[in-house]
file run_37.cif (mmCIF, C-alpha atoms)
data_protein
loop_
_atom_site.label_atom_id
_atom_site.label_comp_id
_atom_site.auth_asym_id
_atom_site.auth_seq_id
_atom_site.Cartn_x
_atom_site.Cartn_y
_atom_site.Cartn_z
CA MET U 1 -107.46 -45.80 -44.86
CA ALA U 2 -105.38 -43.62 -47.17
CA GLN U 3 -101.62 -43.42 -46.52
CA ILE U 4 -100.54 -40.09 -45.08
CA PHE U 5 -96.88 -40.43 -46.13
CA PRO U 6 -95.56 -41.76 -49.43
CA LYS U 7 -93.78 -45.15 -49.45
CA TRP U 8 -90.32 -43.63 -50.07
CA VAL U 9 -90.41 -42.15 -46.56
CA ASP U 10 -89.90 -45.66 -45.14
CA GLU U 11 -86.62 -45.88 -47.03
CA ALA U 12 -85.41 -42.43 -46.00
CA PRO U 13 -83.67 -43.41 -42.72
CA LYS U 14 -81.72 -46.18 -44.44
CA ARG U 15 -80.73 -43.92 -47.32
CA ILE U 16 -79.66 -41.17 -44.94
CA LEU U 17 -77.57 -43.65 -42.94
CA ILE U 18 -75.87 -45.06 -46.04
CA GLY U 19 -75.27 -41.57 -47.42
CA SER U 20 -73.80 -40.41 -44.11
CA ILE U 21 -71.41 -43.38 -44.01
CA ILE U 22 -70.26 -42.73 -47.58
CA LEU U 23 -69.80 -39.01 -46.89
CA LEU U 24 -67.91 -39.65 -43.65
CA ASN U 25 -65.56 -42.10 -45.37
CA ALA U 26 -64.97 -39.61 -48.18
CA ILE U 27 -64.10 -36.89 -45.67
CA VAL U 28 -61.75 -39.17 -43.70
CA PHE U 29 -60.04 -40.34 -46.89
CA GLY U 30 -59.71 -36.77 -48.15
CA ILE U 31 -58.10 -35.61 -44.91
CA TRP U 32 -55.81 -38.66 -44.76
CA TYR U 33 -54.75 -38.32 -48.40
CA PHE U 34 -54.59 -34.62 -49.10
CA PHE U 35 -53.27 -33.65 -45.68
CA SER U 36 -50.54 -36.29 -45.75
CA PRO U 37 -46.87 -35.17 -45.80
CA GLU U 38 -46.77 -35.79 -49.55
CA PHE U 39 -49.03 -32.80 -50.03
CA THR U 40 -48.30 -30.69 -46.95
CA ASP U 41 -44.53 -31.04 -46.53
CA VAL U 42 -42.95 -31.90 -49.89
CA GLY U 43 -41.63 -28.68 -51.39
CA TYR U 44 -41.32 -26.93 -48.01
CA MET U 45 -38.59 -24.33 -48.56
CA PRO U 46 -38.25 -21.80 -45.74
CA GLU U 47 -36.24 -18.61 -46.13
CA GLN U 48 -32.87 -18.90 -44.41
CA PRO U 49 -30.87 -16.13 -42.68
CA VAL U 50 -28.04 -16.73 -45.17
CA PRO U 51 -28.70 -17.69 -48.81
CA PHE U 52 -26.51 -20.78 -48.77
CA SER U 53 -26.50 -22.56 -52.14
CA HIS U 54 -25.96 -26.31 -52.07
CA GLN U 55 -25.82 -26.19 -55.87
CA VAL U 56 -22.75 -23.98 -55.75
CA HIS U 57 -20.99 -25.68 -52.83
CA VAL U 58 -21.77 -29.31 -53.69
CA SER U 59 -22.18 -29.39 -57.46
CA GLN U 60 -19.76 -26.67 -58.57
CA LEU U 61 -17.15 -26.80 -55.79
CA GLY U 62 -17.42 -30.52 -55.08
CA MET U 63 -17.79 -30.28 -51.31
CA ASP U 64 -18.78 -33.51 -49.59
CA CYS U 65 -21.88 -33.58 -47.38
CA GLN U 66 -19.81 -34.59 -44.36
CA TYR U 67 -17.57 -31.55 -44.55
CA CYS U 68 -20.44 -29.59 -43.01
CA HIS U 69 -22.59 -32.35 -41.54
CA THR U 70 -19.79 -33.99 -39.58
CA GLN U 71 -21.80 -36.11 -37.14
CA VAL U 72 -23.98 -38.18 -39.47
CA GLU U 73 -21.82 -41.29 -38.98
CA GLU U 74 -21.88 -41.02 -35.19
CA SER U 75 -25.05 -39.24 -34.12
CA ARG U 76 -28.78 -39.65 -34.60
CA HIS U 77 -28.81 -36.04 -35.81
CA ALA U 78 -27.25 -34.55 -38.93
CA ASN U 79 -25.70 -31.51 -37.30
CA ILE U 80 -25.88 -28.02 -38.71
CA PRO U 81 -22.33 -26.72 -39.30
CA ALA U 82 -20.87 -24.24 -36.88
CA THR U 83 -19.92 -20.75 -38.07
CA GLN U 84 -16.28 -21.85 -37.84
CA THR U 85 -16.92 -24.26 -40.71
CA CYS U 86 -18.19 -21.44 -42.91
CA MET U 87 -15.29 -19.18 -41.95
CA ASN U 88 -12.72 -21.82 -42.87
CA CYS U 89 -13.27 -20.59 -46.42
CA HIS U 90 -15.03 -17.27 -46.06
CA SER U 91 -12.36 -15.68 -43.94
CA GLN U 92 -10.49 -15.53 -47.26
CA ILE U 93 -13.19 -15.83 -49.92
CA GLN U 94 -15.94 -13.21 -50.51
CA THR U 95 -14.92 -11.50 -47.30
CA ASP U 96 -17.01 -8.41 -48.12
CA ALA U 97 -20.08 -10.12 -49.57
CA GLU U 98 -23.23 -8.47 -48.21
CA THR U 99 -25.12 -11.76 -48.10
CA LEU U 100 -22.47 -13.19 -45.77
CA GLN U 101 -22.74 -10.41 -43.20
CA PRO U 102 -24.77 -12.66 -40.83
CA VAL U 103 -21.92 -15.18 -40.93
CA ARG U 104 -19.33 -12.52 -40.06
CA ASP U 105 -21.58 -11.16 -37.31
CA SER U 106 -21.94 -14.65 -35.87
CA TRP U 107 -18.18 -15.12 -35.98
CA GLU U 108 -17.53 -11.84 -34.18
CA THR U 109 -20.23 -12.17 -31.52
CA GLY U 110 -20.17 -15.92 -30.95
CA GLU U 111 -23.94 -16.07 -31.46
CA PRO U 112 -24.93 -19.00 -33.70
CA ILE U 113 -26.74 -18.42 -36.97
CA GLU U 114 -30.43 -19.25 -36.55
CA TRP U 115 -30.89 -21.62 -39.48
CA VAL U 116 -34.47 -22.74 -40.14
CA ARG U 117 -34.92 -26.49 -39.99
CA VAL U 118 -36.27 -27.99 -43.21
CA HIS U 119 -36.67 -31.71 -42.54
CA MET U 120 -38.75 -32.42 -39.44
CA LEU U 121 -40.20 -35.59 -37.99
CA PRO U 122 -42.87 -35.61 -35.29
CA ASP U 123 -41.65 -35.97 -31.71
CA TYR U 124 -43.19 -39.42 -31.42
CA ALA U 125 -41.06 -40.80 -34.27
CA TYR U 126 -37.44 -41.86 -33.62
CA PHE U 127 -34.87 -41.67 -36.40
CA ASN U 128 -31.14 -42.25 -36.21
CA HIS U 129 -28.94 -40.89 -39.01
CA ALA U 130 -25.91 -42.97 -38.02
CA ALA U 131 -27.87 -46.24 -38.13
CA HIS U 132 -28.90 -45.54 -41.72
CA VAL U 133 -25.72 -43.96 -43.09
CA ASN U 134 -23.49 -46.74 -41.76
CA VAL U 135 -25.35 -49.43 -43.69
CA GLY U 136 -25.47 -47.57 -46.99
CA VAL U 137 -28.60 -45.40 -47.07
CA GLY U 138 -27.58 -42.46 -49.24
CA CYS U 139 -28.16 -38.84 -48.34
CA GLU U 140 -30.15 -38.28 -51.54
CA SER U 141 -32.48 -41.18 -50.71
CA CYS U 142 -34.15 -39.00 -48.08
CA HIS U 143 -33.06 -35.47 -48.94
CA GLY U 144 -33.18 -35.60 -52.73
CA ARG U 145 -30.61 -34.12 -55.10
CA VAL U 146 -29.41 -31.35 -52.81
CA ASP U 147 -26.52 -30.77 -55.21
CA ARG U 148 -29.09 -29.28 -57.58
CA MET U 149 -30.84 -27.13 -54.99
CA GLU U 150 -30.16 -23.42 -54.94
CA VAL U 151 -32.35 -23.36 -51.83
CA VAL U 152 -32.83 -26.59 -49.88
CA HIS U 153 -36.37 -27.94 -49.83
CA GLN U 154 -38.03 -31.12 -48.64
CA ALA U 155 -38.00 -33.54 -51.54
CA GLU U 156 -39.63 -36.60 -49.94
CA PRO U 157 -42.70 -36.94 -47.67
CA LEU U 158 -40.81 -38.64 -44.80
CA SER U 159 -44.14 -40.22 -43.88
CA MET U 160 -44.54 -43.55 -42.10
CA GLY U 161 -45.65 -45.31 -45.27
CA TRP U 162 -42.71 -43.89 -47.19
CA CYS U 163 -40.27 -45.13 -44.53
CA LEU U 164 -41.89 -48.56 -44.41
CA ASP U 165 -41.52 -48.97 -48.17
CA CYS U 166 -37.75 -48.82 -47.69
CA HIS U 167 -37.74 -50.96 -44.54
CA ARG U 168 -39.66 -53.70 -46.31
CA GLU U 169 -37.39 -53.74 -49.37
CA PRO U 170 -34.04 -52.22 -48.38
CA GLU U 171 -32.27 -53.95 -51.27
CA LYS U 172 -33.86 -51.41 -53.61
CA HIS U 173 -32.20 -48.52 -51.83
CA VAL U 174 -28.92 -49.39 -50.09
CA ARG U 175 -25.56 -48.69 -51.69
CA PRO U 176 -21.91 -49.19 -50.70
CA VAL U 177 -21.13 -47.09 -47.63
CA SER U 178 -18.39 -45.35 -49.62
CA GLU U 179 -21.09 -44.00 -51.95
CA VAL U 180 -23.44 -42.68 -49.26
CA THR U 181 -22.77 -39.01 -50.07
CA THR U 182 -22.55 -39.53 -53.84
CA MET U 183 -25.24 -37.59 -55.66
CA GLY U 184 -26.81 -39.27 -58.67
CA TYR U 185 -25.61 -42.74 -57.65
CA SER U 186 -27.05 -45.39 -59.96
CA VAL U 187 -26.19 -48.97 -60.93
CA GLU U 188 -27.89 -51.29 -63.40
CA ASN U 189 -27.96 -54.29 -61.07
CA GLN U 190 -29.23 -52.50 -57.96
CA LEU U 191 -31.27 -55.45 -56.68
CA GLU U 192 -28.34 -57.85 -56.94
CA ILE U 193 -25.91 -55.47 -55.27
CA GLY U 194 -28.57 -54.46 -52.76
CA ARG U 195 -29.18 -58.03 -51.65
CA GLU U 196 -25.44 -58.54 -51.18
CA LEU U 197 -25.20 -55.39 -49.08
CA VAL U 198 -28.25 -56.35 -47.01
CA ALA U 199 -26.54 -59.67 -46.20
CA LYS U 200 -23.14 -58.06 -45.63
CA HIS U 201 -24.44 -55.50 -43.15
CA ASN U 202 -27.00 -57.89 -41.66
CA ILE U 203 -29.76 -55.40 -42.42
CA ASN U 204 -33.02 -56.45 -40.84
CA ALA U 205 -35.01 -53.23 -41.03
CA PRO U 206 -37.81 -53.43 -38.46
CA THR U 207 -41.42 -52.81 -39.39
CA TYR U 208 -43.00 -53.20 -35.95
CA CYS U 209 -44.35 -50.10 -34.20
CA GLN U 210 -41.89 -50.01 -31.29
CA SER U 211 -38.90 -49.69 -33.60
CA CYS U 212 -39.71 -46.03 -34.24
CA HIS U 213 -42.41 -45.24 -31.67
CA TYR U 214 -41.35 -45.68 -28.05
#

call {"tool": "encode", "arguments": {"input": "run_37.cif", "output": "C-alpha cells"}}
result
Amino acid sequence: MAQIFPKWVDEAPKRILIGSIILLNAIVFGIWYFFSPEFTDVGYMPEQPVPFSHQVHVSQLGMDCQYCHTQVEESRHANIPATQTCMNCHSQIQTDAETLQPVRDSWETGEPIEWVRVHMLPDYAYFNHAAHVNVGVGCESCHGRVDRMEVVHQAEPLSMGWCLDCHREPEKHVRPVSEVTTMGYSVENQLEIGRELVAKHNINAPTYCQSCHY
C-alpha cells in the first residue's frame, strides 16, 4: 500500500519540539541579558529640579562627599542634603542665580526640594551604606567618578551578580577607610593591601541569599 505521507512527517514532532526548546531558551536568555540592569539602568540620568554639578562642586571646589551626604557612616541610606546645606554657601554666593531659584524658594517656604533619585535597588534587596563605607568600600566603587559628572547618572548596574563579584573577592575593591571618598584612588599593590584590609576589618562578605533578601 502506498504511503500517504512522506517519511519526514514522522520526524516533524521531534523537530518542532527541539526547535521550540531552542527558541524558548533564546528568548529567556535575551530577556535575562538585554533587560538586565547593565542595559536598562546604566546611564540613567533623570532631570533634576536644580542643575547641581558634581563636577564643579567636587572636582573644582574640592568638596568632600560627606559634606552633603552626612549620614553614610551611620545610616543604611546616603541622605540627600537639606536645603540648609546648600544655603550655607549660596546665601552668599550666586544669590541671584536663576537656576538656584528653587533652592531659595525651598529655603523661604520650608518645602524640601524634590530631587529625583538616581540609584535605586528593588524593595526586596537590603543594602546598608554604613556597613560598606566603614570597611573601606569607596563611593566611586558603586557610583562611579561623580567628580567628573556634570549631571549624575548611574555608572554601574547594581545587579545581584555585580554585587556578588565584590562580595566574593573584596580584596580587589576595598581601600583604607580614610580614602573612601577619594575619587580616582589607585594603588599598584591593590591585592596585597586589600588582603590586609580584609583581615584588619574582619571582612567576611556574605554570599548567601538571606544576607540581602529577608

call {"tool": "atom_distance", "arguments": {"input": "run_37.cif", "atom1": "atom CA of U:Val42", "atom2": "atom CA of U:Glu156"}}
result
5.8 Å

call {"tool": "atom_distance", "arguments": {"input": "run_37.cif", "atom1": "atom CA of U:Ser186", "atom2": "atom CA of U:Asn128"}}
result
24.3 Å

call {"tool": "residues_around", "arguments": {"input": "run_37.cif", "residues": "U:Asn134", "least_positions_apart": "5", "cutoff": "12 Å", "atoms": "only C-alpha atoms", "output": "list in words"}}
result
Gln71, Val72, Glu73, Glu74, Ser75, Arg76, Asn128, His129, Cys139, Val174, Arg175, Pro176, Val177, Ser178, Glu179, Val180, Thr181, Leu197, Val198, Lys200, His201, Asn202 and Ile203 of chain U

call {"tool": "residues_around", "arguments": {"input": "run_37.cif", "residues": "stretch 86-91 of chain U", "least_positions_apart": "3", "cutoff": "12 Å", "atoms": "all atoms listed in the file", "output": "list in words"}}
result
Val50, Phe52, His57, Leu61, Met63, Tyr67, Cys68, His69, Ile80, Pro81, Ala82, Thr83, Gln94, Thr95, Asp96, Ala97, Thr99, Leu100, Gln101, Pro102, Val103, Arg104, Asp105, Ser106, Trp107, Glu108, Pro112 and Ile113 of chain U

call {"tool": "closest_residue", "arguments": {"input": "run_37.cif", "among": "U:Pro46, U:Gly19, U:Gly194, U:Gly138", "to": "U:Glu169", "atoms": "only C-alpha atoms"}}
result
U:Gly194

call {"tool": "resolve_selection", "arguments": {"input": "run_37.cif", "expression": "the PyMOL selection byres ((chain U and resi 212) around 9)", "output": "PyMOL selection string"}}
result
chain U and resi 124-127+206-211+213-214

call {"tool": "atom_distance", "arguments": {"input": "run_37.cif", "atom1": "atom CA of U:Cys163", "atom2": "atom CA of U:His143"}}
result
12.8 Å

call {"tool": "closest_residue", "arguments": {"input": "run_37.cif", "among": "U:Tyr44, U:His173, U:Glu188, U:Ile16", "to": "U:Val133", "atoms": "only C-alpha atoms"}}
result
U:His173

call {"tool": "axis_aligned_box", "arguments": {"input": "run_37.cif", "around": "stretch 66-73 of chain U", "padding_each_side": "4 Å", "output": "AutoDock Vina command-line options"}}
result
--center_x -20.8 --center_y -35.4 --center_z -40.8 --size_x 14.4 --size_y 19.7 --size_z 15.4

call {"tool": "closest_residue", "arguments": {"input": "run_37.cif", "among": "U:Val58, U:Ile93, U:Met160, U:Ala130", "to": "U:Arg145", "atoms": "only C-alpha atoms"}}
result
U:Val58

call {"tool": "residues_around", "arguments": {"input": "run_37.cif", "residues": "U:Gln55", "least_positions_apart": "2", "cutoff": "6 Å", "atoms": "only C-alpha atoms", "output": "ChimeraX atom specification"}}
result
/U:53,57-59,147-150

call {"tool": "closest_residue", "arguments": {"input": "run_37.cif", "among": "U:Met120, U:Ile193, U:Leu23, U:Val151", "to": "U:His77", "atoms": "all atoms listed in the file"}}
result
U:Met120

call {"tool": "resolve_selection", "arguments": {"input": "run_37.cif", "expression": "the PyMOL selection byres ((chain U and resi 48) around 6)", "output": "PyMOL selection string"}}
result
chain U and resi 47+49-50+115-116
